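Enquirer: This is structure.cif (mmCIF, C-alpha atoms).
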data_run
loop_
_atom_site.group_PDB
_atom_site.id
_atom_site.type_symbol
_atom_site.label_atom_id
_atom_site.label_comp_id
_atom_site.auth_asym_id
_atom_site.auth_seq_id
_atom_site.Cartn_x
_atom_site.Cartn_y
_atom_site.Cartn_z
ATOM 1 C CA MET K 11 -83.439 -188.537 79.822
ATOM 2 C CA SER K 12 -84.594 -191.953 80.939
ATOM 3 C CA GLN K 13 -85.003 -194.822 78.520
ATOM 4 C CA TRP K 14 -88.222 -195.778 80.347
ATOM 5 C CA PRO K 15 -91.510 -194.096 79.383
ATOM 6 C CA SER K 16 -94.292 -193.535 81.905
ATOM 7 C CA THR K 17 -96.940 -196.180 81.372
ATOM 8 C CA LYS K 18 -99.971 -197.805 82.967
ATOM 9 C CA ALA K 19 -99.479 -200.632 85.457
ATOM 10 C CA ARG K 20 -101.681 -202.962 83.359
ATOM 11 C CA ARG K 21 -99.255 -202.646 80.436
ATOM 12 C CA VAL K 22 -96.253 -203.389 82.677
ATOM 13 C CA LEU K 23 -97.994 -206.448 84.151
ATOM 14 C CA MET K 24 -98.833 -207.779 80.682
ATOM 15 C CA ALA K 25 -95.204 -207.297 79.615
ATOM 16 C CA LEU K 26 -94.010 -209.226 82.678
ATOM 17 C CA LEU K 27 -96.416 -212.067 81.880
ATOM 18 C CA ARG K 28 -95.122 -212.168 78.279
ATOM 19 C CA ILE K 29 -91.499 -212.579 79.419
ATOM 20 C CA GLY K 30 -92.299 -215.562 81.626
ATOM 21 C CA TRP K 31 -93.631 -214.276 84.950
ATOM 22 C CA THR K 32 -96.825 -215.855 86.308
ATOM 23 C CA VAL K 33 -99.286 -214.649 88.936
ATOM 24 C CA LYS K 34 -98.679 -216.846 91.956
ATOM 25 C CA ARG K 35 -101.129 -215.062 94.272
ATOM 26 C CA ASP K 36 -103.631 -212.246 93.675
ATOM 27 C CA GLU K 37 -104.950 -210.183 96.599
ATOM 28 C CA SER K 38 -106.666 -206.976 95.487
ATOM 29 C CA SER K 39 -103.974 -204.746 93.955
ATOM 30 C CA HIS K 40 -101.091 -206.844 95.353
ATOM 31 C CA ARG K 41 -100.010 -209.600 92.999
ATOM 32 C CA THR K 42 -97.166 -211.960 93.793
ATOM 33 C CA LEU K 43 -95.327 -212.875 90.600
ATOM 34 C CA ALA K 44 -93.130 -215.930 90.200
ATOM 35 C CA ARG K 45 -90.618 -217.038 87.565
ATOM 36 C CA PRO K 46 -88.268 -220.022 87.709
ATOM 37 C CA GLY K 47 -84.752 -218.950 88.669
ATOM 38 C CA TRP K 48 -85.886 -215.572 90.071
ATOM 39 C CA PRO K 49 -87.078 -214.580 93.557
ATOM 40 C CA ASP K 50 -90.808 -213.802 93.851
ATOM 41 C CA VAL K 51 -91.807 -210.181 93.267
ATOM 42 C CA VAL K 52 -94.802 -208.313 94.695
ATOM 43 C CA PHE K 53 -96.441 -206.124 92.053
ATOM 44 C CA ALA K 54 -98.521 -203.660 94.115
ATOM 45 C CA PHE K 55 -100.165 -201.343 91.599
ATOM 46 C CA HIS K 56 -103.744 -200.794 90.490
ATOM 47 C CA ASP K 57 -104.283 -201.477 86.774
ATOM 48 C CA ASN K 58 -104.922 -197.839 85.786
ATOM 49 C CA GLU K 59 -102.143 -196.407 87.937
ATOM 50 C CA GLU K 60 -99.402 -194.561 86.053
ATOM 51 C CA ILE K 61 -95.886 -195.857 86.731
ATOM 52 C CA GLY K 62 -93.066 -193.389 86.166
ATOM 53 C CA PRO K 63 -89.598 -193.968 84.702
ATOM 54 C CA ARG K 64 -87.788 -194.309 88.043
ATOM 55 C CA MET K 65 -90.173 -196.953 89.349
ATOM 56 C CA LEU K 66 -90.020 -198.812 86.029
ATOM 57 C CA ALA K 67 -86.235 -198.913 86.315
ATOM 58 C CA ARG K 68 -86.550 -200.396 89.800
ATOM 59 C CA ILE K 69 -89.053 -202.995 88.588
ATOM 60 C CA ALA K 70 -86.744 -203.860 85.694
ATOM 61 C CA LYS K 71 -83.809 -204.417 88.024
ATOM 62 C CA VAL K 72 -85.618 -207.189 89.947
ATOM 63 C CA THR K 73 -87.602 -208.713 87.047
ATOM 64 C CA GLY K 74 -85.364 -208.513 83.984
ATOM 65 C CA LEU K 75 -87.861 -206.304 82.137
ATOM 66 C CA ARG K 76 -86.422 -204.239 79.259
ATOM 67 C CA PRO K 77 -87.851 -201.114 77.594
ATOM 68 C CA THR K 78 -88.372 -203.109 74.397
ATOM 69 C CA ASP K 79 -90.666 -205.530 76.281
ATOM 70 C CA LEU K 80 -93.262 -202.799 76.749
#
Please, can you express the file's structure as structure tokens?

Expert:
Amino acid sequence: MSQWPSTKARRVLMALLRIGWTVKRDESSHRTLARPGWPDVVFAFHDNEEIGPRMLARIAKVTGLRPTDL
């Protein structure tokens, strides 16, 4: 069983903003996020889209997101 729950993209984006990421560029559903000391990340999800556990784990690997941040 994965430690990541399925959740809406809006909730994941808000969690990323809380841990220090900022929206560098916003083009429709593609948002480029930036954080000092980390490479930029493209967050390409619509707000109401459901993100599953496997994709959340991949996002966490490149952003430093933890299950407790959600």

Enquirer: For this file, the PyMOL selection byres ((chain K and resi 63-79) around 6) selects which residues, as a list in words?

Expert: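 Residues picked by the PyMOL selection byres ((chain K and resi 63-79) around 6): Trp14, Pro15, Ser16, Ala25, Gly62 and Leu80 of chain K.
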
Enquirer: Write out as JSON, numbers by chain the residues lying within 9 Å of K:Ala54, counting all atoms listed in the file and excluding same-chain residues fewer than 4 positions away.

Expert: {"K": [38, 39, 40, 41, 42]}

Enquirer: Considering only C-alpha atoms, state which residue in the set K:His56, K:Met24, K:Trp31, K:Lys18 is at the smallest distance from K:Ala44.

Expert: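 Selected residue with least distance to K:Ala44: K:Trp31.
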
Enquirer: For K:Asp57, which residue among K:Gln13, K:Leu23, K:Val33, K:Leu43 is the nearest when counting all atoms listed in the file?

Expert: K:Leu23

Enquirer: Measure the distance from atom CA of K:Gly47 to atom CA of K:Thr32 in Å and round it to one decimal.

Expert: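 One can read the atom CA of K:Gly47 to atom CA of K:Thr32 distance as 12.7 Å.
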
Enquirer: Using Å and a single decimal, report how far atom CA of K:Leu27 sits from atom CA of K:Asn58.

Expert: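 Separating atom CA of K:Asn58 from atom CA of K:Leu27 is a distance of 17.0 Å.
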
Enquirer: To one decimal in Å, tell me the separation between atom CA of K:Thr17 and atom CA of K:Arg45.

Expert: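 Rounded to one decimal, the two atoms are 22.7 Å apart.
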
Enquirer: Taking all atoms of stretch 63-67 of chain K that appear in the file, build a box with edges along x, y and z, extend it by 5 Å on every side, and state its centre and edge lengths in Å to one decimal, as JSON.

Expert:
{"center_x": -88.2, "center_y": -196.4, "center_z": 87.0, "size_x": 13.9, "size_y": 14.9, "size_z": 14.6}
